[in-house]
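Text of coords.json (JSON, C-alpha atoms and all ligand atoms) as supplied:
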```json
[["chain", "number", "residue", "atom", "x", "y", "z"],
["A", 1, "MET", "CA", 10.53, -1.95, -21.24],
["A", 2, "PRO", "CA", 7.07, -3.39, -20.61],
["A", 3, "ASP", "CA", 4.34, -0.82, -20.64],
["A", 4, "VAL", "CA", 3.34, -1.13, -17.00],
["A", 5, "GLU", "CA", 0.95, 1.32, -15.51],
["A", 6, "ILE", "CA", 2.27, 2.46, -12.17],
["A", 7, "SER", "CA", 0.37, 5.61, -11.49],
["A", 8, "GLY", "CA", -3.02, 5.03, -13.05],
["A", 9, "ASN", "CA", -5.77, 5.02, -10.47],
["A", 10, "GLY", "CA", -4.64, 6.72, -7.38],
["A", 11, "SER", "CA", -0.92, 6.42, -8.16],
["A", 12, "PHE", "CA", 1.30, 5.01, -5.49],
["A", 13, "LEU", "CA", 3.59, 7.99, -5.43],
["A", 14, "ASN", "CA", 1.73, 11.06, -6.60],
["A", 15, "ASP", "CA", 2.55, 14.51, -5.32],
["A", 16, "GLU", "CA", -0.04, 14.37, -2.59],
["A", 17, "ALA", "CA", 1.26, 11.07, -1.28],
["A", 18, "ALA", "CA", 4.89, 12.07, -1.54],
["A", 19, "GLY", "CA", 4.12, 15.20, 0.44],
["A", 20, "SER", "CA", 2.42, 13.40, 3.29],
["A", 21, "VAL", "CA", 4.76, 10.43, 3.59],
["A", 22, "PRO", "CA", 7.95, 10.79, 5.56],
["A", 23, "HIS", "CA", 11.06, 9.59, 3.78],
["A", 24, "PRO", "CA", 13.40, 8.71, 6.62],
["A", 25, "ALA", "CA", 16.47, 8.97, 4.42],
["A", 26, "GLY", "CA", 15.49, 12.54, 3.68],
["A", 27, "ARG", "CA", 15.25, 12.49, -0.08],
["A", 28, "GLN", "CA", 12.54, 12.02, -2.65],
["A", 29, "PRO", "CA", 12.92, 9.09, -5.02],
["A", 30, "ALA", "CA", 13.62, 10.03, -8.64],
["A", 31, "LEU", "CA", 10.99, 8.02, -10.48],
["A", 32, "THR", "CA", 11.34, 7.24, -14.15],
["A", 33, "GLY", "CA", 8.33, 5.03, -14.86],
["A", 34, "CYS", "CA", 10.53, 1.94, -15.11],
["A", 35, "PRO", "CA", 9.26, -0.34, -12.32],
["A", 36, "TRP", "CA", 12.60, -2.00, -11.63],
["A", 37, "HIS", "CA", 14.46, 1.31, -11.39],
["A", 38, "ASP", "CA", 11.63, 2.91, -9.42],
["A", 39, "VAL", "CA", 11.44, 0.10, -6.85],
["A", 40, "ASN", "CA", 15.18, 0.45, -6.32],
["A", 41, "GLU", "CA", 14.80, 4.22, -5.91],
["A", 42, "MET", "CA", 11.84, 3.90, -3.54],
["A", 43, "LEU", "CA", 13.65, 1.41, -1.31],
["A", 44, "GLN", "CA", 16.80, 3.51, -1.15],
["A", 45, "ALA", "CA", 14.90, 6.75, -0.54],
["A", 46, "ALA", "CA", 13.09, 5.02, 2.32],
["A", 47, "GLY", "CA", 16.41, 3.92, 3.77],
["A", 48, "LEU", "CA", 15.93, 0.22, 2.93],
["A", 49, "ARG", "CA", 18.70, -1.76, 1.28],
["A", 50, "PRO", "CA", 17.43, -3.02, -2.10],
["A", 51, "THR", "CA", 18.05, -6.71, -1.43],
["A", 52, "ARG", "CA", 17.09, -9.29, -4.03],
["A", 53, "GLN", "CA", 14.00, -10.29, -2.08],
["A", 54, "ARG", "CA", 12.83, -6.73, -1.45],
["A", 55, "MET", "CA", 13.35, -5.88, -5.11],
["A", 56, "ALA", "CA", 11.43, -8.94, -6.27],
["A", 57, "LEU", "CA", 8.55, -8.37, -3.86],
["A", 58, "GLY", "CA", 8.56, -4.63, -4.60],
["A", 59, "TRP", "CA", 8.36, -5.40, -8.30],
["A", 60, "LEU", "CA", 5.33, -7.64, -7.72],
["A", 61, "LEU", "CA", 3.71, -5.08, -5.42],
["A", 62, "PHE", "CA", 4.33, -1.80, -7.22],
["A", 63, "GLY", "CA", 4.65, -2.85, -10.86],
["A", 64, "LYS", "CA", 0.94, -3.23, -11.49],
["A", 65, "GLY", "CA", -0.69, 0.01, -10.38],
["A", 66, "ALA", "CA", -2.60, 0.56, -7.16],
["A", 67, "ARG", "CA", -3.32, -2.72, -5.40],
["A", 68, "HIS", "CA", -4.56, -4.20, -2.16],
["A", 69, "LEU", "CA", -2.84, -7.42, -1.17],
["A", 70, "THR", "CA", -2.67, -9.63, 1.88],
["A", 71, "ALA", "CA", 0.62, -11.28, 2.79],
["A", 72, "GLU", "CA", -0.82, -14.60, 1.62],
["A", 73, "MET", "CA", -1.79, -13.15, -1.76],
["A", 74, "LEU", "CA", 1.69, -11.70, -2.28],
["A", 75, "TYR", "CA", 3.28, -14.96, -1.17],
["A", 76, "GLU", "CA", 1.21, -16.83, -3.74],
["A", 77, "GLU", "CA", 2.22, -14.38, -6.48],
["A", 78, "ALA", "CA", 5.86, -14.69, -5.47],
["A", 79, "THR", "CA", 5.65, -18.48, -5.60],
["A", 80, "LEU", "CA", 4.05, -18.37, -9.04],
["A", 81, "ALA", "CA", 6.77, -15.96, -10.19],
["A", 82, "LYS", "CA", 9.39, -18.39, -8.83],
["A", 83, "VAL", "CA", 10.68, -15.88, -6.28],
["A", 84, "PRO", "CA", 12.22, -17.97, -3.49],
["A", 85, "VAL", "CA", 10.76, -16.42, -0.33],
["A", 86, "SER", "CA", 9.04, -17.73, 2.77],
["A", 87, "LEU", "CA", 5.72, -16.43, 4.03],
["A", 88, "ALA", "CA", 7.60, -15.05, 7.06],
["A", 89, "THR", "CA", 9.87, -13.02, 4.78],
["A", 90, "VAL", "CA", 6.84, -11.70, 2.92],
["A", 91, "TYR", "CA", 5.33, -10.59, 6.25],
["A", 92, "ASN", "CA", 8.58, -8.95, 7.36],
["A", 93, "THR", "CA", 9.05, -7.15, 4.06],
["A", 94, "LEU", "CA", 5.47, -5.88, 4.02],
["A", 95, "ASN", "CA", 5.88, -4.55, 7.56],
["A", 96, "GLN", "CA", 9.20, -2.88, 6.70],
["A", 97, "LEU", "CA", 7.68, -1.22, 3.63],
["A", 98, "THR", "CA", 4.74, -0.08, 5.76],
["A", 99, "ASP", "CA", 7.05, 1.36, 8.43],
["A", 100, "ALA", "CA", 8.96, 3.15, 5.67],
["A", 101, "GLY", "CA", 5.74, 4.75, 4.44],
["A", 102, "LEU", "CA", 5.69, 2.93, 1.09],
["A", 103, "LEU", "CA", 2.61, 0.87, 1.94],
["A", 104, "ARG", "CA", -0.50, 1.51, 3.97],
["A", 105, "GLN", "CA", -1.99, -1.17, 6.15],
["A", 106, "VAL", "CA", -5.75, -1.58, 6.07],
["A", 107, "SER", "CA", -7.30, -3.99, 8.55],
["A", 108, "VAL", "CA", -10.73, -5.21, 7.60],
["A", 109, "ASP", "CA", -11.39, -7.42, 10.58],
["A", 110, "GLY", "CA", -9.28, -9.28, 13.09],
["A", 111, "THR", "CA", -8.15, -11.84, 10.56],
["A", 112, "LYS", "CA", -7.57, -9.90, 7.36],
["A", 113, "THR", "CA", -4.93, -7.24, 6.85],
["A", 114, "TYR", "CA", -4.44, -5.72, 3.42],
["A", 115, "PHE", "CA", -1.43, -3.76, 2.26],
["A", 116, "ASP", "CA", -2.28, -0.87, -0.02],
["A", 117, "THR", "CA", 0.25, 0.46, -2.54],
["A", 118, "ASN", "CA", -1.70, 3.73, -2.64],
["A", 119, "VAL", "CA", -0.60, 5.62, 0.45],
["A", 120, "SER", "CA", -2.56, 8.79, -0.31],
["A", 121, "ALA", "CA", -5.63, 9.58, 1.80],
["A", 122, "HIS", "CA", -8.58, 7.47, 0.68],
["A", 123, "HIS", "CA", -11.25, 5.15, 2.01],
["A", 124, "HIS", "CA", -12.35, 1.63, 1.05],
["A", 125, "PHE", "CA", -15.25, -0.55, 0.15],
["A", 126, "TYR", "CA", -14.87, -4.11, 1.38],
["A", 127, "LEU", "CA", -16.76, -6.60, -0.76],
["A", 128, "GLU", "CA", -17.67, -9.25, 1.78],
["A", 129, "ASN", "CA", -18.68, -11.85, -0.78],
["A", 130, "ASN", "CA", -15.32, -11.99, -2.53],
["A", 131, "HIS", "CA", -13.09, -10.59, 0.24],
["A", 132, "GLU", "CA", -11.95, -7.74, -1.94],
["A", 133, "LEU", "CA", -10.87, -4.25, -0.98],
["A", 134, "VAL", "CA", -11.72, -1.46, -3.44],
["A", 135, "ASP", "CA", -10.84, 2.24, -3.26],
["A", 136, "ILE", "CA", -13.68, 4.68, -2.74],
["A", 137, "PRO", "CA", -12.98, 7.24, -5.46],
["A", 138, "ASP", "CA", -14.04, 10.25, -3.38],
["A", 139, "PRO", "CA", -11.18, 11.13, -0.97],
["A", 140, "HIS", "CA", -13.21, 13.87, 0.62],
["A", 141, "LEU", "CA", -15.71, 11.75, 2.51],
["A", 142, "VAL", "CA", -16.22, 13.14, 5.98],
["A", 143, "LEU", "CA", -17.82, 11.81, 9.09],
["A", 144, "GLN", "CA", -20.90, 13.72, 10.12],
["A", 145, "LYS", "CA", -19.50, 14.31, 13.55],
["A", 146, "MET", "CA", -15.93, 13.69, 14.61],
["A", 147, "PRO", "CA", -15.43, 12.33, 18.12],
["A", 148, "GLU", "CA", -13.97, 14.45, 20.91],
["A", 149, "VAL", "CA", -10.23, 13.84, 21.00],
["A", 150, "PRO", "CA", -8.66, 13.33, 24.44],
["A", 151, "GLU", "CA", -6.42, 16.06, 25.80],
["A", 152, "GLY", "CA", -2.95, 15.94, 24.29],
["A", 153, "TYR", "CA", -3.99, 13.99, 21.18],
["A", 154, "GLU", "CA", -4.80, 14.86, 17.60],
["A", 155, "ILE", "CA", -6.42, 12.77, 14.89],
["A", 156, "ALA", "CA", -3.69, 11.21, 12.76],
["A", 157, "ARG", "CA", -5.97, 9.67, 10.16],
["A", 158, "VAL", "CA", -9.47, 8.33, 9.76],
["A", 159, "ASP", "CA", -9.71, 4.99, 7.96],
["A", 160, "MET", "CA", -13.16, 4.21, 6.72],
["A", 161, "VAL", "CA", -14.06, 0.74, 5.49],
["A", 162, "VAL", "CA", -17.59, 0.50, 4.12],
["A", 163, "ARG", "CA", -18.56, -3.16, 4.02],
["A", 164, "LEU", "CA", -20.69, -4.24, 1.07],
["A", 165, "ARG", "CA", -22.58, -7.44, 0.45],
["A", 166, "LYS", "CA", -24.61, -8.58, -2.50],
["A", 167, "LYS", "CA", -28.33, -7.83, -2.25],
["A", 168, "ARG", "CA", -30.39, -10.93, -1.66],
["B", 201, "ZN", "ZN", -6.78, 1.62, -1.29]]
```

Hey, can you dump this file as structure tokens for me?
Amino acid sequence: MPDVEISGNGSFLNDEAAGSVPHPAGRQPALTGCPWHDVNEMLQAAGLRPTRQRMALGWLLFGKGARHLTAEMLYEEATLAKVPVSLATVYNTLNQLTDAGLLRQVSVDGTKTYFDTNVSAHHHFYLENNHELVDIPDPHLVLQKMPEVPEGYEIARVDMVVRLRKKR
């Protein structure tokens, strides 16, 4: 068993996250710390059949701690790992995992969408120079003044992306 850190910074399935994420199949995954077993558990608990491709992509996604990946980045990793998938399959799988609550989508601008393996509440720095998304460690950031919410609506979540650039 390789010593892979799954739950280091932010943990992709800590208690907080597990509490706030719906598991459509109605059960909590029994995690053991073994990435292969855990990916299988997570998929099944989310009601997704653990196909070869989902398992392989899940292994790449969740086996290395909290990460932020675009579909293109995951596709490149899959290609390097000799996982036979198309970019379209990578997109589909990422969307299915997001719908199942196992990933969180973070859009930085119209062209870049990142998938975050840490689904607990947190905000992000976006490093414009190297196109990198980094967690803001403090989950308790608050806006000075929340906007008025239209009748019949409630705030589901506030995603904050603080864009950083190198000082000139
Ligand atoms: Zn994040």

> Looking at all atoms listed in the file, which of A:Leu97, A:Met160, A:Val85, A:Val108 is the one that sits closest to His124 in chain A?
Replying inline: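 The closest residue to His124 in chain A is A:Met160.
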
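Using all atoms listed in the file, the smallest distance between any of A:His123, A:Lys64, A:Arg165, A:His37 and ligand ZN 201 (chain B) comes from A:His123.
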
>> as a list in words, please: every protein or nucleic acid residue near ligand ZN 201 (chain B) (cut-off 9 Å, counting only C-alpha atoms and all ligand atoms).
In response: Gly10, Ala66, Arg67, His68, Arg104, Val106, Phe115, Asp116, Thr117, Asn118, Val119, Ser120, Ala121, His122, His123, His124, Phe125, Leu133, Val134, Asp135 and Ile136 of chain A

> Using only C-alpha atoms, which of the listed residues (A:Leu31, A:Leu60, A:Glu41, A:Tyr153) sits closest to Ala81 in chain A?
Replying inline: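 Nearest candidate to Ala81 in chain A out of A:Leu31, A:Leu60, A:Glu41, A:Tyr153: A:Leu60.
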
>> To one decimal place in Å, what is the distance between CA of Asp109 in chain A and CA of Val162 in chain A?
In response: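 Between CA of Asp109 in chain A and CA of Val162 in chain A the gap is 12.0 Å.
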
> Which one of A:Thr89, A:Thr70, A:Gln96, A:Val158 sits closest to Glu132 in chain A if you count only C-alpha atoms?
Replying inline: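 The closest residue to Glu132 in chain A is A:Thr70.
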
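Across the structure, CA of Leu164 in chain A and CA of His140 in chain A are spaced 19.6 Å apart.
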
As lines of an AutoDock Vina configuration file, what would the box around range 65-71 of chain A look like: edges along x, y and z, 8 Å added on every side, centre and edge lengths in Å to one decimal?
```
center_x = -2.0
center_y = -5.4
center_z = -3.8
size_x = 21.2
size_y = 27.8
size_z = 29.2
```

> What is the distance between CA of Val39 in chain A and CA of Asp138 in chain A, in Å to one decimal?
Replying inline: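 That distance, rounded to one decimal, is 27.6 Å.
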
> What's the 12 Å shell around Asn92 in chain A, counting all atoms listed in the file, without same-chain residues fewer than 6 positions away, as a list of chain:residue names?
Replying inline: A:Gln53, A:Arg54, A:Leu57, A:Ala71, A:Tyr75, A:Val85, A:Ser86, A:Thr98, A:Asp99

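When all atoms listed in the file are used to measure the gap to Arg52 in chain A, the shortest distance among A:Thr32, A:Asn130, A:Gln105, A:Asn40 belongs to A:Asn40.
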